[in-house]
file structure.pdb (PDB, C-alpha atoms)
ATOM      1  CA  MET A   1     -58.354  54.049  13.125  1.00  0.00           C
ATOM      2  CA  LYS A   2     -57.345  57.080  15.208  1.00  0.00           C
ATOM      3  CA  LYS A   3     -54.411  55.063  16.579  1.00  0.00           C
ATOM      4  CA  ILE A   4     -53.228  54.316  13.033  1.00  0.00           C
ATOM      5  CA  TYR A   5     -53.364  57.998  12.041  1.00  0.00           C
ATOM      6  CA  LEU A   6     -51.481  58.923  15.231  1.00  0.00           C
ATOM      7  CA  PHE A   7     -48.867  56.249  14.491  1.00  0.00           C
ATOM      8  CA  SER A   8     -48.462  57.618  10.934  1.00  0.00           C
ATOM      9  CA  LEU A   9     -48.002  61.132  12.255  1.00  0.00           C
ATOM     10  CA  LEU A  10     -45.412  59.955  14.786  1.00  0.00           C
ATOM     11  CA  ILE A  11     -43.390  58.220  12.047  1.00  0.00           C
ATOM     12  CA  ILE A  12     -43.351  61.373   9.928  1.00  0.00           C
ATOM     13  CA  ILE A  13     -42.429  63.612  12.881  1.00  0.00           C
ATOM     14  CA  SER A  14     -39.710  61.248  14.111  1.00  0.00           C
ATOM     15  CA  GLY A  15     -38.239  61.179  10.609  1.00  0.00           C
ATOM     16  CA  SER A  16     -38.046  64.966  10.608  1.00  0.00           C
ATOM     17  CA  LEU A  17     -36.335  65.046  13.978  1.00  0.00           C
ATOM     18  CA  VAL A  18     -33.608  62.609  12.955  1.00  0.00           C
ATOM     19  CA  LYS A  19     -30.460  64.559  12.106  1.00  0.00           C
ATOM     20  CA  ALA A  20     -30.321  63.682   8.452  1.00  0.00           C
ATOM     21  CA  GLN A  21     -28.562  66.627   6.874  1.00  0.00           C
ATOM     22  CA  SER A  22     -26.862  64.439   4.273  1.00  0.00           C
ATOM     23  CA  SER A  23     -29.049  61.367   4.292  1.00  0.00           C
ATOM     24  CA  ALA A  24     -30.903  60.283   1.186  1.00  0.00           C
ATOM     25  CA  LYS A  25     -34.393  61.789   0.933  1.00  0.00           C
ATOM     26  CA  VAL A  26     -36.821  61.064  -1.900  1.00  0.00           C
ATOM     27  CA  ILE A  27     -40.256  62.273  -2.960  1.00  0.00           C
ATOM     28  CA  TYR A  28     -41.948  59.986  -5.470  1.00  0.00           C
ATOM     29  CA  ALA A  29     -45.200  58.961  -7.127  1.00  0.00           C
ATOM     30  CA  GLU A  30     -45.987  55.269  -7.161  1.00  0.00           C
ATOM     31  CA  ILE A  31     -48.329  53.310  -9.412  1.00  0.00           C
ATOM     32  CA  GLY A  32     -49.271  49.959  -7.917  1.00  0.00           C
ATOM     33  CA  GLY A  33     -47.554  49.129  -4.662  1.00  0.00           C
ATOM     34  CA  PRO A  34     -49.319  49.409  -1.309  1.00  0.00           C
ATOM     35  CA  GLY A  35     -50.830  52.833  -2.055  1.00  0.00           C
ATOM     36  CA  PHE A  36     -52.392  51.873  -5.432  1.00  0.00           C
ATOM     37  CA  ALA A  37     -51.662  55.359  -6.870  1.00  0.00           C
ATOM     38  CA  SER A  38     -49.780  57.359  -4.238  1.00  0.00           C
ATOM     39  CA  LEU A  39     -47.374  60.171  -3.361  1.00  0.00           C
ATOM     40  CA  ASN A  40     -44.621  59.172  -0.926  1.00  0.00           C
ATOM     41  CA  TYR A  41     -41.685  60.455   1.105  1.00  0.00           C
ATOM     42  CA  ASP A  42     -38.706  58.188   1.810  1.00  0.00           C
ATOM     43  CA  MET A  43     -35.702  58.922   4.009  1.00  0.00           C
ATOM     44  CA  ARG A  44     -32.692  57.138   5.560  1.00  0.00           C
ATOM     45  CA  PHE A  45     -32.366  57.284   9.358  1.00  0.00           C
ATOM     46  CA  ALA A  46     -28.578  57.736   9.290  1.00  0.00           C
ATOM     47  CA  ASN A  47     -26.492  60.411   7.573  1.00  0.00           C
ATOM     48  CA  LYS A  48     -25.729  58.223   4.577  1.00  0.00           C
ATOM     49  CA  GLU A  49     -27.142  57.097   1.248  1.00  0.00           C
ATOM     50  CA  ASP A  50     -28.024  53.514   2.176  1.00  0.00           C
ATOM     51  CA  GLY A  51     -29.141  51.544   5.213  1.00  0.00           C
ATOM     52  CA  LEU A  52     -32.338  51.589   7.231  1.00  0.00           C
ATOM     53  CA  GLY A  53     -35.047  54.120   6.432  1.00  0.00           C
ATOM     54  CA  PHE A  54     -38.772  54.647   6.203  1.00  0.00           C
ATOM     55  CA  ARG A  55     -41.487  55.560   3.749  1.00  0.00           C
ATOM     56  CA  ALA A  56     -44.828  57.272   4.331  1.00  0.00           C
ATOM     57  CA  GLY A  57     -47.429  58.261   1.774  1.00  0.00           C
ATOM     58  CA  VAL A  58     -51.020  58.783   0.780  1.00  0.00           C
ATOM     59  CA  GLY A  59     -52.915  57.520  -2.243  1.00  0.00           C
ATOM     60  CA  GLY A  60     -56.220  56.221  -3.450  1.00  0.00           C
ATOM     61  CA  PHE A  61     -59.031  56.493  -5.954  1.00  0.00           C
ATOM     62  CA  THR A  62     -62.766  57.125  -6.343  1.00  0.00           C
ATOM     63  CA  ILE A  63     -65.235  55.055  -8.376  1.00  0.00           C
ATOM     64  CA  ASP A  64     -69.011  55.672  -8.410  1.00  0.00           C
ATOM     65  CA  ASN A  65     -69.261  57.581  -5.087  1.00  0.00           C
ATOM     66  CA  THR A  66     -66.948  55.099  -3.342  1.00  0.00           C
ATOM     67  CA  SER A  67     -63.591  56.520  -2.253  1.00  0.00           C
ATOM     68  CA  MET A  68     -60.618  54.528  -1.026  1.00  0.00           C
ATOM     69  CA  VAL A  69     -57.692  56.298   0.647  1.00  0.00           C
ATOM     70  CA  PHE A  70     -54.472  54.375   1.358  1.00  0.00           C
ATOM     71  CA  PHE A  71     -51.740  55.402   3.830  1.00  0.00           C
ATOM     72  CA  PRO A  72     -48.709  53.212   3.003  1.00  0.00           C
ATOM     73  CA  MET A  73     -45.938  53.345   5.597  1.00  0.00           C
ATOM     74  CA  GLY A  74     -43.085  51.100   6.496  1.00  0.00           C
ATOM     75  CA  LEU A  75     -39.432  50.447   7.111  1.00  0.00           C
ATOM     76  CA  ASN A  76     -36.989  49.591   4.354  1.00  0.00           C
ATOM     77  CA  TYR A  77     -33.342  48.733   3.947  1.00  0.00           C
ATOM     78  CA  ILE A  78     -31.362  49.611   0.816  1.00  0.00           C
ATOM     79  CA  THR A  79     -27.842  48.573  -0.144  1.00  0.00           C
ATOM     80  CA  SER A  80     -25.564  49.345  -3.087  1.00  0.00           C
ATOM     81  CA  LYS A  81     -22.074  48.719  -4.417  1.00  0.00           C
ATOM     82  CA  ASP A  82     -21.939  51.869  -6.577  1.00  0.00           C
ATOM     83  CA  GLN A  83     -24.209  54.356  -4.681  1.00  0.00           C
ATOM     84  CA  LYS A  84     -26.501  54.608  -7.702  1.00  0.00           C
ATOM     85  CA  ASN A  85     -28.140  51.202  -8.193  1.00  0.00           C
ATOM     86  CA  TYR A  86     -29.728  49.817  -5.030  1.00  0.00           C
ATOM     87  CA  PHE A  87     -31.398  46.637  -3.825  1.00  0.00           C
ATOM     88  CA  GLU A  88     -34.344  47.294  -1.498  1.00  0.00           C
ATOM     89  CA  LEU A  89     -36.149  45.163   1.099  1.00  0.00           C
ATOM     90  CA  GLY A  90     -39.097  46.565   3.016  1.00  0.00           C
ATOM     91  CA  LEU A  91     -41.970  45.703   5.313  1.00  0.00           C
ATOM     92  CA  GLY A  92     -44.922  47.845   6.307  1.00  0.00           C
ATOM     93  CA  ILE A  93     -48.573  48.399   6.953  1.00  0.00           C
ATOM     94  CA  THR A  94     -51.195  50.253   4.938  1.00  0.00           C
ATOM     95  CA  PRO A  95     -54.288  51.624   6.681  1.00  0.00           C
ATOM     96  CA  VAL A  96     -57.220  52.001   4.271  1.00  0.00           C
ATOM     97  CA  SER A  97     -60.269  54.231   4.618  1.00  0.00           C
ATOM     98  CA  VAL A  98     -63.290  53.419   2.430  1.00  0.00           C
ATOM     99  CA  THR A  99     -66.212  55.831   2.189  1.00  0.00           C
ATOM    100  CA  ASN A 100     -69.401  55.244   0.231  1.00  0.00           C
ATOM    101  CA  GLY A 101     -70.801  58.717  -0.498  1.00  0.00           C
ATOM    102  CA  GLY A 102     -74.179  57.404  -1.622  1.00  0.00           C
ATOM    103  CA  SER A 103     -74.978  55.754   1.714  1.00  0.00           C
ATOM    104  CA  SER A 104     -72.565  57.707   3.944  1.00  0.00           C
ATOM    105  CA  SER A 105     -71.066  54.440   5.203  1.00  0.00           C
ATOM    106  CA  HIS A 106     -67.429  54.229   6.287  1.00  0.00           C
ATOM    107  CA  LEU A 107     -65.063  51.272   6.633  1.00  0.00           C
ATOM    108  CA  SER A 108     -61.499  51.212   7.947  1.00  0.00           C
ATOM    109  CA  THR A 109     -59.088  48.335   7.549  1.00  0.00           C
ATOM    110  CA  THR A 110     -55.367  47.620   7.194  1.00  0.00           C
ATOM    111  CA  PHE A 111     -53.155  45.242   5.268  1.00  0.00           C
ATOM    112  CA  GLY A 112     -49.478  44.401   5.388  1.00  0.00           C
ATOM    113  CA  HIS A 113     -46.998  44.694   2.549  1.00  0.00           C
ATOM    114  CA  MET A 114     -43.443  43.737   1.697  1.00  0.00           C
ATOM    115  CA  ASN A 115     -41.162  45.176  -0.960  1.00  0.00           C
ATOM    116  CA  ILE A 116     -38.380  43.476  -2.875  1.00  0.00           C
ATOM    117  CA  GLY A 117     -36.969  45.627  -5.611  1.00  0.00           C
ATOM    118  CA  TYR A 118     -34.547  47.860  -7.444  1.00  0.00           C
ATOM    119  CA  ARG A 119     -33.849  51.599  -7.054  1.00  0.00           C
ATOM    120  CA  LEU A 120     -32.034  54.014  -9.311  1.00  0.00           C
ATOM    121  CA  GLN A 121     -31.016  56.671  -6.786  1.00  0.00           C
ATOM    122  CA  PRO A 122     -28.031  58.830  -7.834  1.00  0.00           C
ATOM    123  CA  LYS A 123     -25.857  60.047  -4.959  1.00  0.00           C
ATOM    124  CA  ALA A 124     -25.820  63.645  -6.257  1.00  0.00           C
ATOM    125  CA  GLY A 125     -29.610  63.746  -6.471  1.00  0.00           C
ATOM    126  CA  GLY A 126     -31.973  64.022  -9.383  1.00  0.00           C
ATOM    127  CA  PHE A 127     -34.252  61.550 -11.155  1.00  0.00           C
ATOM    128  CA  PHE A 128     -35.345  58.609  -8.992  1.00  0.00           C
ATOM    129  CA  PHE A 129     -36.803  55.325 -10.277  1.00  0.00           C
ATOM    130  CA  ARG A 130     -38.010  52.341  -8.308  1.00  0.00           C
ATOM    131  CA  ALA A 131     -39.544  48.998  -9.361  1.00  0.00           C
ATOM    132  CA  GLY A 132     -40.384  45.997  -7.276  1.00  0.00           C
ATOM    133  CA  ILE A 133     -42.555  43.102  -6.310  1.00  0.00           C
ATOM    134  CA  THR A 134     -44.861  44.138  -3.464  1.00  0.00           C
ATOM    135  CA  PRO A 135     -46.609  41.142  -1.907  1.00  0.00           C
ATOM    136  CA  ILE A 136     -49.641  42.257   0.109  1.00  0.00           C
ATOM    137  CA  PHE A 137     -51.332  40.273   2.849  1.00  0.00           C
ATOM    138  CA  GLY A 138     -54.063  40.565   5.425  1.00  0.00           C
ATOM    139  CA  SER A 139     -56.681  38.620   7.281  1.00  0.00           C
ATOM    140  CA  GLY A 140     -57.526  35.781   4.919  1.00  0.00           C
ATOM    141  CA  PHE A 141     -55.606  36.893   1.811  1.00  0.00           C
ATOM    142  CA  PHE A 142     -52.120  36.918   0.308  1.00  0.00           C
ATOM    143  CA  PHE A 143     -51.200  38.311  -3.134  1.00  0.00           C
ATOM    144  CA  PRO A 144     -47.549  37.389  -3.751  1.00  0.00           C
ATOM    145  CA  TYR A 145     -47.175  38.886  -7.242  1.00  0.00           C
ATOM    146  CA  TYR A 146     -48.438  42.429  -6.789  1.00  0.00           C
ATOM    147  CA  ALA A 147     -45.963  45.074  -8.045  1.00  0.00           C
ATOM    148  CA  GLY A 148     -45.243  48.784  -8.167  1.00  0.00           C
ATOM    149  CA  LEU A 149     -43.369  51.405 -10.227  1.00  0.00           C
ATOM    150  CA  SER A 150     -42.160  54.710  -8.809  1.00  0.00           C
ATOM    151  CA  PHE A 151     -40.787  57.924 -10.306  1.00  0.00           C
ATOM    152  CA  GLY A 152     -39.579  60.909  -8.364  1.00  0.00           C
ATOM    153  CA  TYR A 153     -36.775  63.165  -7.222  1.00  0.00           C
ATOM    154  CA  LYS A 154     -33.890  62.370  -4.840  1.00  0.00           C
ATOM    155  CA  PHE A 155     -32.403  65.305  -2.926  1.00  0.00           C
TER     156      PHE A 155
END

call {"tool": "encode", "arguments": {"input": "structure.pdb", "output": "structure tokens"}}
result
Amino acid sequence: MKKIYLFSLLIIISGSLVKAQSSAKVIYAEIGGPGFASLNYDMRFANKEDGLGFRAGVGGFTIDNTSMVFFPMGLNYITSKDQKNYFELGLGITPVSVTNGGSSSHLSTTFGHMNIGYRLQPKAGGFFFRAGITPIFGSGFFFPYYAGLSFGYKF
């Protein structure tokens, strides 16, 4: 699990070091998707509004002394004809940490996810919306019709 946290940190740091003075950057909350209920940061690698980028976030929930924390991260590619409405394809991994407070037990696992969806991402910045199908998969399971909705701010 320490390797996964280190990998997450390296993705975030490398994204900050990329010269992206005019690239699209977004902060958003997502319901559904690979983080269940998460806060995320998304950025393009190049100094432009579309193309290859990454996302990294944290989310989770607690029910009856059992906490689940999700760390969705991945690469995505977005393309547009009008620099406002975008098509998005993505692929990533989500480390999960599960803690049962009643018995002090801890479990760590990961699952993969894809994203196929739509983004409303105005070039000048402002309100951001995202919706998509997010198939998730792992050792012995595949859920093809999982989905997510996101709302945030593009700057």

call {"tool": "resolve_selection", "arguments": {"input": "structure.pdb", "expression": "the PyMOL selection byres ((chain A and resi 79) around 10)", "output": "tab-separated table (two decimals) with C-alpha atoms, in the coordinates of the input"}}
result
chain	number	residue	atom	x	y	z
A	49	GLU	CA	-27.14	57.10	1.25
A	50	ASP	CA	-28.02	53.51	2.18
A	51	GLY	CA	-29.14	51.54	5.21
A	52	LEU	CA	-32.34	51.59	7.23
A	77	TYR	CA	-33.34	48.73	3.95
A	78	ILE	CA	-31.36	49.61	0.82
A	80	SER	CA	-25.56	49.34	-3.09
A	81	LYS	CA	-22.07	48.72	-4.42
A	82	ASP	CA	-21.94	51.87	-6.58
A	83	GLN	CA	-24.21	54.36	-4.68
A	84	LYS	CA	-26.50	54.61	-7.70
A	85	ASN	CA	-28.14	51.20	-8.19
A	86	TYR	CA	-29.73	49.82	-5.03
A	87	PHE	CA	-31.40	46.64	-3.82
A	88	GLU	CA	-34.34	47.29	-1.50
A	89	LEU	CA	-36.15	45.16	1.10
A	118	TYR	CA	-34.55	47.86	-7.44
A	119	ARG	CA	-33.85	51.60	-7.05

call {"tool": "closest_atom_pairs", "arguments": {"input": "structure.pdb", "of": "segment 17-90 of chain A", "to": "segment 142-148 of chain A", "cutoff": "10 Å", "atoms": "all atoms listed in the file", "output": "JSON lines"}}
result
{"residue": "A:Glu30", "atom": "CA", "partner": "A:Gly148", "partner_atom": "CA", "distance": 6.6}
{"residue": "A:Ile31", "atom": "CA", "partner": "A:Gly148", "partner_atom": "CA", "distance": 5.6}
{"residue": "A:Gly32", "atom": "CA", "partner": "A:Gly148", "partner_atom": "CA", "distance": 4.2}
{"residue": "A:Gly33", "atom": "CA", "partner": "A:Gly148", "partner_atom": "CA", "distance": 4.2}
{"residue": "A:Pro34", "atom": "CA", "partner": "A:Gly148", "partner_atom": "CA", "distance": 8.0}
{"residue": "A:Gly35", "atom": "CA", "partner": "A:Gly148", "partner_atom": "CA", "distance": 9.2}
{"residue": "A:Phe36", "atom": "CA", "partner": "A:Gly148", "partner_atom": "CA", "distance": 8.3}
{"residue": "A:Ala37", "atom": "CA", "partner": "A:Gly148", "partner_atom": "CA", "distance": 9.3}

call {"tool": "residues_around", "arguments": {"input": "structure.pdb", "residues": "segment 25-29 of chain A", "least_positions_apart": "3", "cutoff": "7 Å", "atoms": "all atoms listed in the file", "output": "ChimeraX atom specification"}}
result
/A:38-44,150-155

call {"tool": "resolve_selection", "arguments": {"input": "structure.pdb", "expression": "the PyMOL selection byres ((chain A and resi 48) around 7)", "output": "list in words"}}
result
Ser22, Ser23, Ala24, Ala46, Asn47, Glu49 and Asp50 of chain A

call {"tool": "resolve_selection", "arguments": {"input": "structure.pdb", "expression": "the PyMOL selection byres ((chain A and resi 72) around 12)", "output": "PyMOL selection string"}}
result
chain A and resi 4-5+7-8+11-12+30+32-42+54-60+69-71+73-75+90-97+110-115+134+136

call {"tool": "closest_residue", "arguments": {"input": "structure.pdb", "among": "A:Leu149, A:Lys123, A:Thr109, A:Ile116", "to": "Pro135 of chain A", "atoms": "only C-alpha atoms"}}
result
A:Ile116

call {"tool": "atom_distance", "arguments": {"input": "structure.pdb", "atom1": "atom CA of Phe141 of chain A", "atom2": "atom CA of Ser108 of chain A"}}
result
16.7 Å

call {"tool": "atom_distance", "arguments": {"input": "structure.pdb", "atom1": "atom CA of Phe127 of chain A", "atom2": "atom CA of Met68 of chain A"}}
result
29.1 Å

call {"tool": "atom_distance", "arguments": {"input": "structure.pdb", "atom1": "atom CA of Asp64 of chain A", "atom2": "atom CA of His106 of chain A"}}
result
14.9 Å
